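Asks: First the structure, which I've put down as structure tokens, then a few questions once you've had a look.
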Amino acid sequence: MNLVLIETSGNQNYIFATNKLAQNVGASQLTHAVGTDFVLEAVRQAGGAVPKDRADAATYPVLSDENPIEVIVAVSGKALLLVRRADIGRQIVRAVTLRALREAPGLEVRGVVSPDFELGSRLHEVLKAVHREYEAIRSRLPIAATRFQRLPVIAECDSSGLPATELHDSELRSAEVQAKVQAADPGLKRIRRLLHDEGQRLPFGVSDLEKLGCEWLAVVHADGNGLGQIFLSFDERARTTDDRDYITKLRAFSLALEDSTVRACRRSLAVLVPTGKRQQPPSEPDKLPIVPLVLGGDDLTVVCDGRQALRFTKEFTDAFEAETRNHPDIHAVLPDGVTSCAGVAIIKPHFPFFAAYELAEELLWSAKQIAKQEDPKKPASAIDYHVLYDASGADLERIRRELTVDGGQTVLVGRPYVTTNGRGPAHRRWLDLQQCIKAVRATDDDQRRKLPNSMLHDLREALFLGRMAADARLRLVLDRYRNQGLDQLLGAGNSLFWKENTAGTETYRTALLDAVDTAEFWEE
């Protein structure tokens with residue numbers, strides 16, 4: 001028998017290749033369809049049996065004399081199959097990749113068929129071998145862009161810059177863009193079904209969010225931690241040497257992971273509240289200010305109300321931890337569940353979406369660095385975020401460089417923050433940020449701020465003069481406002497800063513800038 005791996009690559013570049021949200025959703029749907037619908041249809045055509053319910057591991061037919069193909073996993077962008085003969089595997093790979101060329105042009109889809117082996121106790125090694133072969137093939141084959149030739153001279157697509165193939169309502173579209181547009185509506189409907197949106201409370205686009213009165217928007221991108229390493233050592237984690245048991249656990253784990261992501265997103269929707277301004281008929285239900293764009297595997301990308309984005313994201317990371325920890329099929333492999341990290345880019349409504357997504361992705365990878373700082377083998381959940389007040393550029397490295405003073409020794413933000421309870425370095429836990437923001441927002445009986453805005457902004461300006469200057473200005477007001485909540489903004493001792501030692505380098509950080517700038521976007 002043989003193992004077949006079919007996988008897409010360059011997914012994020014494909015999904016977010018343009019600045020059009022409908023195309024982003026459509027690309028996500030096509031990526032999902034390749035690993036599910038395309039594969040399952042190819043299995044049927046090759047004479048194999050497919051599961052009655054793709055989300056139910058118990059309905060997956062096993063390999064037998066009557067069934068020459070067993071679907072191990074068929075999820076968004078990836079499928080693993082067990083086949084009786086190599087020619088059957090090649091037939092399926094050919095059918096899936098040919099259909100992808102026709103129906104999802106621009107998406108990179110490749111397949112690998114392993115050499116013959118017998119089921120026993122070496123499936124995990126075969127699986128690692130096909131992944132290595134997949135990477136080798138991926139490096140040898142030309143990228144998808146080479147399919148779209150420019151000679152003879154041809155008109156460009158208005159949104160992607162690729163060669164245009166048709167004119168649609170005075171808009172020039174490439175084959176890739178047209179395929180994404182056609183898949184957008186099925187993609188939105190699939191996500192709505194997953195989120196049980198029977199009440200039609202989810203808007204269809206960003207323009208709807210503006211009509212709901214969202215003065216700020218946020219792009220949230222979340223991703224599970226360490227799953228690549230988990231799958232590489234799955235046999236050890238699943239504590240099995242039997243191939244049949246391995247298949248059962250791998251399938252159940254993969255389906256449970258996707259189910260946990262969907263459940264966590266559903267739970268997170270519950271913390272959102274409809275915004276005040278509405279330009280929709282009174283008969284329509286209150287819309288939640290969020291548009292889910294990607295929901296599959298352990299990935300989540302949404303656009304939502306900027307003022308509620310941090311609350312939504314914190315709820316998602318907490319819910320994802322809880323759902324994976326409590327799911328029996330994940331708990332059997334990872335008793336502590338799976339953690340996730342997220343990047344949140346808060347922007348004005350007309351800021352280019354693609355740039356905002358790139359910033360959110362950079363923030364996500366920044367969050368992953370602190371997540372594994374305490375224990376690389378057991379990363380925590382973490383969130384990094386940035387409020388973009390200007391359109392001068394959404395490059396995180398430049399942004400953070402401008403928030404560094406004293407020759408690079410002092411960093412004016414504490415971000416990213418760890419959200420897992422009891423985890424993370426001192427001062428850089430989500431509860432620490434929450435405490436600081438509460439102090440900034442606290443009011444007295446007359447609803448006046450206990451810490452005057454003028455004083456806070458004076459301290460904020462002093463931060464950019466350096467650590468010594470900021471602490472000198474702090475000493476002028478500390479005695480007066482210490483018991484009003486200013487003590488909650490202190491780092492170490494009577495300073496706004498605390499010292500960190502990372503990889504042998506000493507730096508100072510402060511949470512004051514985070515608290516002052518984030519207070520406007522903090523919803524309890």
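To be explicit about the labels: the chains of the structure tokens are called A, B, and onward in the order shown, and within each one the residues are counted from 1, while ligands get numbers from 1 in the order they are shown.
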Write out as a VMD selection string all residues of range 253-478 of chain A that backbone DSSP assigns to helix (DSSP H, G or I).

Replies: chain A and resid 253 to 269 306 to 326 328 to 331 353 to 371 396 to 401 406 to 408 430 to 441 453 to 463 467 to 478

Asks: Contacts of range 456-473 of chain A at 8 Å or less, counting only C-alpha atoms, minus same-chain residues fewer than 6 places along, as a VMD selection string?

Replies: chain A and resid 403 405 to 406 410 412 495 to 497 512 to 513 516

Asks: Write out as a ChimeraX atom specification which residues come within 12 Å of Ala46 in chain A when counting only C-alpha atoms, dropping same-chain ones fewer than 2 positions away.

Replies: /A:39-44,48-50,67-70,83-85,87-96

Asks: For Lys189 in chain A, which residue out of A:Leu310, A:Leu293, A:Glu166, A:Glu362 is the nearest one, using only C-alpha atoms?

Replies: A:Leu293

Asks: Per residue of range 84-202 of chain A within 12 Å of range 257-265 of chain A, record the nearest atom pair and its distance in Å to one decimal, counting only C-alpha atoms, with rows in chain order and ascending residue number, as a Markdown table.

Replies:
```
| residue | atom | partner | partner_atom | distance |
| --- | --- | --- | --- | --- |
| A:Arg190 | CA | A:Val262 | CA | 11.6 |
| A:Ile191 | CA | A:Val262 | CA | 9.1 |
| A:Arg192 | CA | A:Val262 | CA | 10.6 |
| A:Arg193 | CA | A:Val262 | CA | 10.4 |
| A:Leu194 | CA | A:Val262 | CA | 6.7 |
| A:Leu195 | CA | A:Val262 | CA | 6.9 |
| A:His196 | CA | A:Val262 | CA | 10.0 |
| A:Asp197 | CA | A:Cys265 | CA | 11.9 |
```

Asks: Neighbours of range 103-109 of chain A within 7 Å (only C-alpha atoms; same-chain residues fewer than 6 positions away dropped), as a PyMOL selection string?

Replies: chain A and resi 7-10+14+30+97+144-145+175-176+179

Asks: Convert the current residue selection to file output with C-alpha atoms, as a PDB file, in the first residue's frame.

Replies:
```
ATOM      1  CA  GLU A   7      -1.217  19.903   0.082  1.00  0.00           C
ATOM      2  CA  THR A   8      -1.482  23.554  -0.911  1.00  0.00           C
ATOM      3  CA  SER A   9       1.395  25.964  -0.305  1.00  0.00           C
ATOM      4  CA  GLY A  10       1.764  29.727  -0.142  1.00  0.00           C
ATOM      5  CA  TYR A  14      -2.726  33.432  -2.256  1.00  0.00           C
ATOM      6  CA  LEU A  30     -10.857  27.578  -2.690  1.00  0.00           C
ATOM      7  CA  THR A  97      -4.177  19.119  -9.291  1.00  0.00           C
ATOM      8  CA  ALA A 144       2.218  29.483  -9.908  1.00  0.00           C
ATOM      9  CA  ALA A 145       3.024  32.980 -11.245  1.00  0.00           C
ATOM     10  CA  ALA A 175      -8.584  33.998 -14.187  1.00  0.00           C
ATOM     11  CA  GLU A 176      -7.351  33.845 -10.576  1.00  0.00           C
ATOM     12  CA  ALA A 179     -12.262  32.207  -9.548  1.00  0.00           C
TER      13      ALA A 179
END
```

Asks: Among the residues of range 391-505 of chain A, find those DSSP assigns to strand (DSSP E) from the backbone and print them as a VMD selection string.

Replies: chain A and resid 404 to 405 410 to 411 417 to 418 497 to 502 505

Asks: Restricting the calculation to only C-alpha atoms, which member of A:Glu198, A:Glu361, A:Glu506, A:Asp318 is positioned closest to Gly408 in chain A?

Replies: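 For Gly408 in chain A, the nearest of the candidates is A:Glu506.
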
Asks: Using only C-alpha atoms, which of A:Leu431, A:Ala371, A:Leu334, A:Val206 sits nearest Pro349 in chain A?

Replies: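 Closest candidate: A:Val206.
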
Asks: Would you work out the distance separating CA of Arg415 in chain A from CA of Glu210 in chain A, expressed in Å to one decimal?

Replies: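 Computing it gives 28.3 Å between the two atoms.
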
Asks: If you count only C-alpha atoms, which residues fall within 9 Å of Arg239 in chain A, apart from same-chain ones fewer than 5 positions away, as number ranges by chain?

Replies: A: 234, 246, 333
